[in-house]
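Asks: Data file structure-v2.txt (compact mmCIF, C-alpha atoms) is appended below.
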```
# COMPACT_ATOMS: atom_id res chain seq x y z
CA MET A 1 -19.59 -3.96 3.23
CA ILE A 2 -16.24 -4.35 1.49
CA ASN A 3 -16.28 -4.15 -2.29
CA ALA A 4 -14.12 -6.87 -3.85
CA THR A 5 -13.36 -8.24 -7.29
CA ARG A 6 -11.90 -11.60 -8.26
CA CYS A 7 -10.03 -12.67 -11.35
CA GLY A 8 -7.81 -15.53 -12.45
CA SER A 9 -7.46 -19.00 -10.97
CA GLY A 10 -5.05 -20.88 -8.76
CA ARG A 11 -3.74 -20.20 -5.28
CA LYS A 12 -5.67 -17.30 -3.73
CA LEU A 13 -3.98 -13.94 -3.32
CA LEU A 14 -5.58 -10.99 -1.48
CA LEU A 15 -4.40 -7.49 -2.47
CA ILE A 16 -4.75 -4.62 0.02
CA HIS A 17 -4.13 -1.10 -1.26
CA GLY A 18 -2.71 1.88 0.59
CA LEU A 19 -4.05 5.05 2.17
CA GLY A 20 -6.34 6.91 -0.22
CA GLY A 21 -6.11 4.23 -2.90
CA SER A 22 -8.47 1.52 -4.08
CA GLN A 23 -8.28 -1.87 -5.72
CA ARG A 24 -7.45 0.01 -8.92
CA SER A 25 -4.08 0.88 -7.37
CA TRP A 26 -2.99 -2.59 -8.48
CA SER A 27 -3.88 -2.07 -12.15
CA PRO A 28 -0.24 -2.11 -13.39
CA ILE A 29 0.27 -5.68 -12.11
CA VAL A 30 -3.11 -7.33 -11.50
CA HIS A 31 -3.46 -8.82 -15.00
CA ALA A 32 -0.09 -10.57 -14.79
CA LEU A 33 -0.78 -11.82 -11.26
CA SER A 34 -4.18 -13.22 -12.29
CA ALA A 35 -2.48 -15.33 -14.97
CA GLU A 36 -0.92 -17.34 -12.11
CA ARG A 37 -3.23 -16.80 -9.11
CA GLU A 38 -6.84 -16.20 -8.18
CA VAL A 39 -6.56 -12.53 -7.25
CA ILE A 40 -8.99 -10.92 -4.82
CA ALA A 41 -8.63 -7.14 -4.70
CA ILE A 42 -10.61 -5.07 -2.22
CA ASP A 43 -11.57 -1.49 -1.54
CA MET A 44 -11.03 -0.93 2.15
CA PRO A 45 -13.89 0.79 4.01
CA GLY A 46 -13.95 4.50 3.20
CA HIS A 47 -12.00 3.89 -0.01
CA GLY A 48 -13.13 3.27 -3.58
CA ALA A 49 -16.62 1.73 -3.69
CA SER A 50 -16.64 0.59 -0.03
CA PRO A 51 -18.56 2.89 2.33
CA PRO A 52 -16.84 3.84 5.58
CA GLU A 53 -17.65 2.03 8.80
CA PRO A 54 -17.78 3.86 12.15
CA ASP A 55 -14.11 3.12 12.89
CA SER A 56 -12.71 3.39 9.36
CA GLY A 57 -10.76 6.52 10.26
CA THR A 58 -8.37 4.43 12.34
CA PHE A 59 -5.75 1.84 11.48
CA ALA A 60 -7.16 -0.59 14.05
CA GLY A 61 -10.62 -0.20 12.55
CA LEU A 62 -9.41 -1.03 9.05
CA VAL A 63 -7.48 -4.07 10.27
CA GLY A 64 -10.62 -5.33 11.99
CA SER A 65 -12.68 -4.80 8.83
CA VAL A 66 -10.20 -6.71 6.65
CA GLN A 67 -9.90 -9.50 9.20
CA ARG A 68 -13.70 -9.91 9.25
CA PHE A 69 -13.77 -9.91 5.44
CA ILE A 70 -11.22 -12.74 5.37
CA THR A 71 -13.26 -14.79 7.85
CA GLU A 72 -16.65 -14.12 6.28
CA SER A 73 -15.35 -14.81 2.76
CA GLY A 74 -13.86 -18.18 3.70
CA LEU A 75 -10.31 -16.98 2.99
CA ALA A 76 -8.54 -18.36 6.05
CA GLY A 77 -4.87 -18.81 5.24
CA VAL A 78 -4.98 -16.64 2.12
CA ASP A 79 -1.70 -15.13 0.96
CA LEU A 80 -1.60 -11.36 1.49
CA VAL A 81 0.00 -8.54 -0.47
CA GLY A 82 -0.20 -4.97 0.76
CA SER A 83 1.06 -1.55 -0.29
CA SER A 84 1.93 1.30 2.08
CA MET A 85 -0.79 1.36 4.78
CA GLY A 86 -2.05 -1.88 3.26
CA ALA A 87 1.44 -3.32 3.74
CA ARG A 88 1.28 -2.48 7.42
CA ILE A 89 -2.18 -4.09 7.56
CA VAL A 90 -0.87 -7.38 6.13
CA LEU A 91 1.99 -7.36 8.65
CA GLU A 92 -0.50 -6.80 11.47
CA LEU A 93 -2.71 -9.61 10.16
CA SER A 94 0.34 -11.87 10.10
CA ARG A 95 1.15 -10.85 13.67
CA ARG A 96 -2.37 -11.92 14.63
CA GLY A 97 -2.05 -15.23 12.81
CA SER A 98 -4.45 -14.33 10.01
CA GLY A 99 -3.49 -15.15 6.45
CA GLY A 100 -0.66 -17.10 4.87
CA ASN A 101 2.45 -15.83 3.14
CA VAL A 102 2.86 -12.05 3.18
CA VAL A 103 4.42 -9.50 0.85
CA ALA A 104 4.48 -6.00 2.38
CA LEU A 105 5.54 -3.23 -0.02
CA ASP A 106 6.91 -0.10 1.70
CA PRO A 107 4.86 -0.47 4.89
CA GLY A 108 4.03 2.50 7.06
CA GLY A 109 4.06 2.39 10.83
CA PHE A 110 7.82 2.33 11.46
CA TRP A 111 8.41 6.07 11.71
CA ARG A 112 9.82 7.68 14.86
CA GLY A 113 10.36 11.19 16.19
CA TRP A 114 10.46 13.85 13.47
CA GLU A 115 9.54 11.24 10.85
CA ARG A 116 5.99 11.22 12.22
CA SER A 117 5.60 14.95 11.63
CA TYR A 118 7.28 14.63 8.24
CA PHE A 119 4.74 12.00 7.18
CA LYS A 120 1.76 13.96 8.49
CA VAL A 121 2.78 17.34 7.12
CA THR A 122 3.97 16.24 3.68
CA ILE A 123 1.16 13.84 2.82
CA GLY A 124 -1.43 16.22 4.27
CA ALA A 125 -0.19 19.12 2.17
CA SER A 126 -0.10 16.97 -0.95
CA VAL A 127 -3.72 15.87 -0.55
CA ARG A 128 -4.95 19.39 0.17
CA LEU A 129 -3.31 20.47 -3.08
CA LEU A 130 -4.95 17.59 -4.97
CA ARG A 131 -8.36 18.57 -3.63
CA ALA A 132 -7.86 22.12 -4.83
CA LEU A 133 -6.70 20.89 -8.25
CA ARG A 134 -9.26 18.11 -8.61
CA PRO A 135 -11.06 19.47 -11.70
CA ALA A 136 -7.71 19.84 -13.48
CA LEU A 137 -6.23 16.46 -12.51
CA PRO A 138 -6.92 14.72 -15.84
CA THR A 139 -5.07 17.45 -17.72
CA LEU A 140 -2.24 17.66 -15.19
CA SER A 141 -1.77 13.88 -15.23
CA ARG A 142 -1.25 13.87 -19.00
CA ASN A 143 1.47 16.51 -18.83
CA THR A 144 4.93 15.13 -18.06
CA ALA A 145 6.12 18.17 -16.08
CA SER A 146 3.02 18.52 -13.89
CA ARG A 147 2.81 14.74 -13.36
CA THR A 148 6.41 14.79 -12.17
CA ALA A 149 5.75 17.67 -9.78
CA LEU A 150 2.63 16.08 -8.28
CA LEU A 151 4.20 12.66 -7.73
CA ALA A 152 7.80 13.56 -6.83
CA GLN A 153 7.34 12.23 -3.27
CA LEU A 154 5.79 8.91 -4.33
CA SER A 155 7.61 7.84 -7.50
CA ALA A 156 11.25 7.72 -8.55
CA ARG A 157 10.19 8.18 -12.19
CA PRO A 158 6.83 9.97 -12.25
CA TRP A 159 7.37 11.19 -15.82
CA ALA A 160 7.33 7.56 -16.99
CA LEU A 161 4.05 6.55 -15.32
CA ASP A 162 0.87 5.79 -17.22
CA PRO A 163 -1.26 8.98 -17.07
CA ASN A 164 -4.41 6.89 -16.67
CA VAL A 165 -3.01 5.21 -13.57
CA VAL A 166 -1.90 8.58 -12.22
CA VAL A 167 -5.23 10.34 -12.62
CA THR A 168 -7.09 7.41 -11.06
CA GLU A 169 -4.84 7.45 -8.01
CA LEU A 170 -4.80 11.21 -7.57
CA LYS A 171 -8.58 11.43 -7.79
CA SER A 172 -8.86 8.63 -5.24
CA PHE A 173 -6.52 10.39 -2.83
CA ALA A 174 -8.56 13.58 -3.11
CA ALA A 175 -11.93 11.83 -2.71
CA THR A 176 -11.26 9.47 0.22
CA PRO A 177 -13.45 10.76 3.09
CA THR A 178 -11.39 9.14 5.86
CA PHE A 179 -8.01 10.34 4.58
CA ASP A 180 -7.40 13.13 7.11
CA ALA A 181 -8.52 11.05 10.08
CA LEU A 182 -6.27 8.18 9.03
CA VAL A 183 -3.25 10.44 8.56
CA GLY A 184 -3.68 11.72 12.12
CA ASP A 185 -4.18 8.24 13.52
CA LEU A 186 -1.18 6.80 11.69
CA ALA A 187 1.10 9.71 12.59
CA HIS A 188 0.31 9.68 16.29
CA GLY A 189 -0.41 5.99 16.87
CA PRO A 190 1.98 3.32 18.14
CA GLU A 191 4.75 1.86 16.04
CA GLN A 192 3.90 -1.41 14.32
CA GLU A 193 4.66 -4.44 16.44
CA GLY A 194 5.84 -7.92 15.43
CA PRO A 195 6.62 -10.71 14.94
CA ALA A 196 4.32 -13.00 12.97
CA ALA A 197 2.22 -15.43 14.98
CA ALA A 198 2.63 -18.24 12.44
CA PRO A 199 6.38 -18.58 11.81
CA GLU A 200 5.90 -21.18 9.08
CA ASN A 201 4.51 -18.49 6.75
CA ARG A 202 6.96 -16.49 4.65
CA ILE A 203 7.12 -12.72 5.09
CA THR A 204 8.75 -10.47 2.53
CA ILE A 205 9.18 -6.74 3.08
CA GLY A 206 9.88 -4.79 -0.10
CA TRP A 207 11.24 -1.23 -0.03
CA GLY A 208 11.99 1.31 -2.74
CA ARG A 209 15.48 2.80 -2.51
CA GLN A 210 14.02 6.24 -3.34
CA ASP A 211 10.99 6.08 -1.05
CA ARG A 212 10.44 9.68 0.09
CA LEU A 213 7.37 8.96 2.22
CA CYS A 214 8.36 5.91 4.29
CA LEU A 215 12.03 6.73 4.45
CA THR A 216 14.53 3.95 3.81
CA GLY A 217 15.92 3.95 7.35
CA GLN A 218 12.57 2.60 8.54
CA ALA A 219 13.21 -0.67 6.68
CA ALA A 220 15.67 -1.76 9.39
CA ARG A 221 12.98 -1.25 12.04
CA ALA A 222 10.51 -3.30 10.02
CA LYS A 223 13.08 -6.09 9.71
CA ALA A 224 13.80 -5.91 13.46
CA ALA A 225 10.08 -6.22 14.24
CA PHE A 226 9.73 -9.18 11.85
CA PRO A 227 13.19 -10.81 12.08
CA ALA A 228 12.23 -13.84 9.97
CA ALA A 229 11.23 -11.60 7.06
CA GLU A 230 13.23 -11.29 3.87
CA LEU A 231 14.01 -7.65 3.05
CA HIS A 232 13.99 -6.93 -0.68
CA TRP A 233 15.25 -3.62 -2.07
CA PHE A 234 13.80 -2.19 -5.28
CA GLU A 235 16.37 -0.06 -7.09
CA GLN A 236 15.27 3.13 -8.90
CA CYS A 237 11.97 2.88 -7.08
CA GLY A 238 9.85 5.16 -4.92
CA HIS A 239 7.00 4.40 -2.53
CA PHE A 240 4.99 2.22 -4.93
CA PRO A 241 7.01 -0.61 -6.49
CA MET A 242 4.04 -1.68 -8.63
CA TRP A 243 4.31 1.74 -10.33
CA ASP A 244 8.08 2.11 -10.72
CA GLN A 245 9.14 -1.55 -11.00
CA PRO A 246 6.05 -3.54 -12.00
CA ALA A 247 7.86 -6.52 -13.55
CA GLU A 248 10.10 -6.97 -10.50
CA THR A 249 7.09 -6.58 -8.19
CA ILE A 250 5.16 -9.29 -10.03
CA GLN A 251 8.16 -11.61 -9.91
CA LEU A 252 8.67 -11.03 -6.18
CA ILE A 253 5.00 -11.60 -5.31
CA LEU A 254 4.73 -14.81 -7.31
CA ALA A 255 8.02 -16.16 -5.97
CA ARG A 256 7.26 -15.42 -2.32
CA THR A 257 3.63 -16.58 -2.32
CA GLY A 258 4.07 -19.73 -4.39
```
Can you present the structure in this file as structure tokens?

Replies:
Amino acid sequence: MINATRCGSGRKLLLIHGLGGSQRSWSPIVHALSAEREVIAIDMPGHGASPPEPDSGTFAGLVGSVQRFITESGLAGVDLVGSSMGARIVLELSRRGSGGNVVALDPGGFWRGWERSYFKVTIGASVRLLRALRPALPTLSRNTASRTALLAQLSARPWALDPNVVVTELKSFAATPTFDALVGDLAHGPEQEGPAAAPENRITIGWGRQDRLCLTGQAARAKAAFPAAELHWFEQCGHFPMWDQPAETIQLILARTG
């Protein structure tokens, strides 16, 4: 059972968070989006308030769960926005012909060779550290220096982030029961395929210039897989544009899903 919340009115927009996150990952931008759209934000199985399903430790399992949610909720043709692993999920849904317009922010799944090990080792080490520090995360998130150290791989300006957003995300990373299984599956699984099955729908791939998790060279592979996509670069931005460049992210989503 996927936990979902709805807010706002207008054209429907489904938000899909990244690995270890939850629907609260969108908190910096969801209020502004809901002023223009009916926003549906979900917790993927094994994340947030959604219990894991038997196959929730795999990318394919999560895609299947989201696809069923779309069908069962009467959301055929809904516009999709995803972040990180969620961005890869919306690209895969588009490849299958599910959903409408797509905005994929720093999608995973385009790493090759040593980049696979880099992803697995760095994100795995980070989450093990967060688990060890979990009782201290509220205090560490309020301190500029420790916040910067903990989020150096994910944000271009971690010192400027809202401490409340940071502690929510870090706790979620540490608590997600399927995190380790998904890291292994993503690191060793096949590269994301394209293109979209419904060419009339717009696809936008956004990438932070300072993304230190999904490295910037992977953007060209994403564009090659989805040649009709528009590639948008976020300057002074890490892996999560809705953290580092929220106003630009809102503008891009509204413009490309309108």

Asks: Smallest atom-to-atom distance to Pro135 (chain A): which of A:His188, A:Lys171, A:Arg202, A:Arg68, using all atoms listed in the file?

Replies: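 Smallest distance to Pro135 (chain A) is found for A:Lys171.
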
Asks: Name all residues at most 9 Å from Arg147 (chain A) (count all atoms listed in the file; drop same-chain ones fewer than 5 positions away) and give them as a PyMOL selection string.

Replies: chain A and resi 140-142+152+158-159+161+163+166

Asks: At most 10 Å from (-9.0, 11.4, 6.4), file frame, all atoms listed in the file: which residues, as a list in words?

Replies: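 These residues have at least one counted atom within 10 Å: Leu19, Gly20, Gly46, Ser56, Gly57, Thr58, Gly124, Val127, Phe173, Ala174, Ala175, Thr176, Pro177, Thr178, Phe179, Asp180, Ala181, Leu182, Val183, Gly184 and Asp185 of chain A.
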
Asks: Please compute the CA of Gly8 (chain A)-CA of Pro199 (chain A) distance, one decimal, in Å.

Replies: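 The value is 28.3 Å.
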
Asks: Go through A:Met242, A:Val103, A:Ala187, A:Leu129 and flag the residue nearest Ser27 (chain A), using only C-alpha atoms for the distances.

Replies: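 Ranking A:Met242, A:Val103, A:Ala187, A:Leu129 by distance to Ser27 (chain A), first place goes to A:Met242.
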
Asks: CA of Glu193 (chain A) to CA of Ala222 (chain A): how many Å, to one decimal?

Replies: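 Calculated distance between CA of Glu193 (chain A) and CA of Ala222 (chain A) is 8.8 Å.
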
Asks: With distances taken over all atoms listed in the file, which residue among A:Asp43, A:Glu92, A:Asp55, A:Glu36 lies nearest Thr5 (chain A)?

Replies: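 Nearest candidate to Thr5 (chain A) out of A:Asp43, A:Glu92, A:Asp55, A:Glu36: A:Asp43.
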
Asks: Report, in Å with one decimal, the straight-line distance from CA of Gln192 (chain A) to CA of Leu62 (chain A).

Replies: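 Distance reported for this atom pair: 14.3 Å.
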
Asks: Mind listing as a short mmCIF file (atom, residue, chain, number, x, y, z; two decimals) with C-alpha atoms, in the frame of the given file all residues within 10 Å of (-6.2, 5.6, -10.7), counting all atoms listed in the file?

Replies:
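Wrote it out as selection.cif, contents follow:
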```cif
data_model
loop_
_atom_site.label_atom_id
_atom_site.label_comp_id
_atom_site.auth_asym_id
_atom_site.auth_seq_id
_atom_site.Cartn_x
_atom_site.Cartn_y
_atom_site.Cartn_z
CA GLY A 21 -6.11 4.23 -2.90
CA SER A 22 -8.47 1.52 -4.08
CA GLN A 23 -8.28 -1.87 -5.72
CA ARG A 24 -7.45 0.01 -8.92
CA SER A 25 -4.08 0.88 -7.37
CA TRP A 26 -2.99 -2.59 -8.48
CA SER A 27 -3.88 -2.07 -12.15
CA ASP A 162 0.87 5.79 -17.22
CA PRO A 163 -1.26 8.98 -17.07
CA ASN A 164 -4.41 6.89 -16.67
CA VAL A 165 -3.01 5.21 -13.57
CA VAL A 166 -1.90 8.58 -12.22
CA VAL A 167 -5.23 10.34 -12.62
CA THR A 168 -7.09 7.41 -11.06
CA GLU A 169 -4.84 7.45 -8.01
CA LEU A 170 -4.80 11.21 -7.57
CA LYS A 171 -8.58 11.43 -7.79
CA SER A 172 -8.86 8.63 -5.24
CA PHE A 173 -6.52 10.39 -2.83
#
```

Asks: So that I can see what lies close to Glu191 (chain A), please list as a list in words the residues with an atom at most 9 Å from it, counting all atoms listed in the file and leaving out residues fewer than 4 positions away in the same chain.

Replies: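 My list of contacting residues is Gly109, Phe110, Trp111, Arg112 and Leu186 of chain A.
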
Asks: So, counting all atoms listed in the file, which residue among A:Leu213, A:Leu91, A:Met44, A:Leu15 is closest to Val30 (chain A)?

Replies: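 Nearest to Val30 (chain A): A:Leu15.
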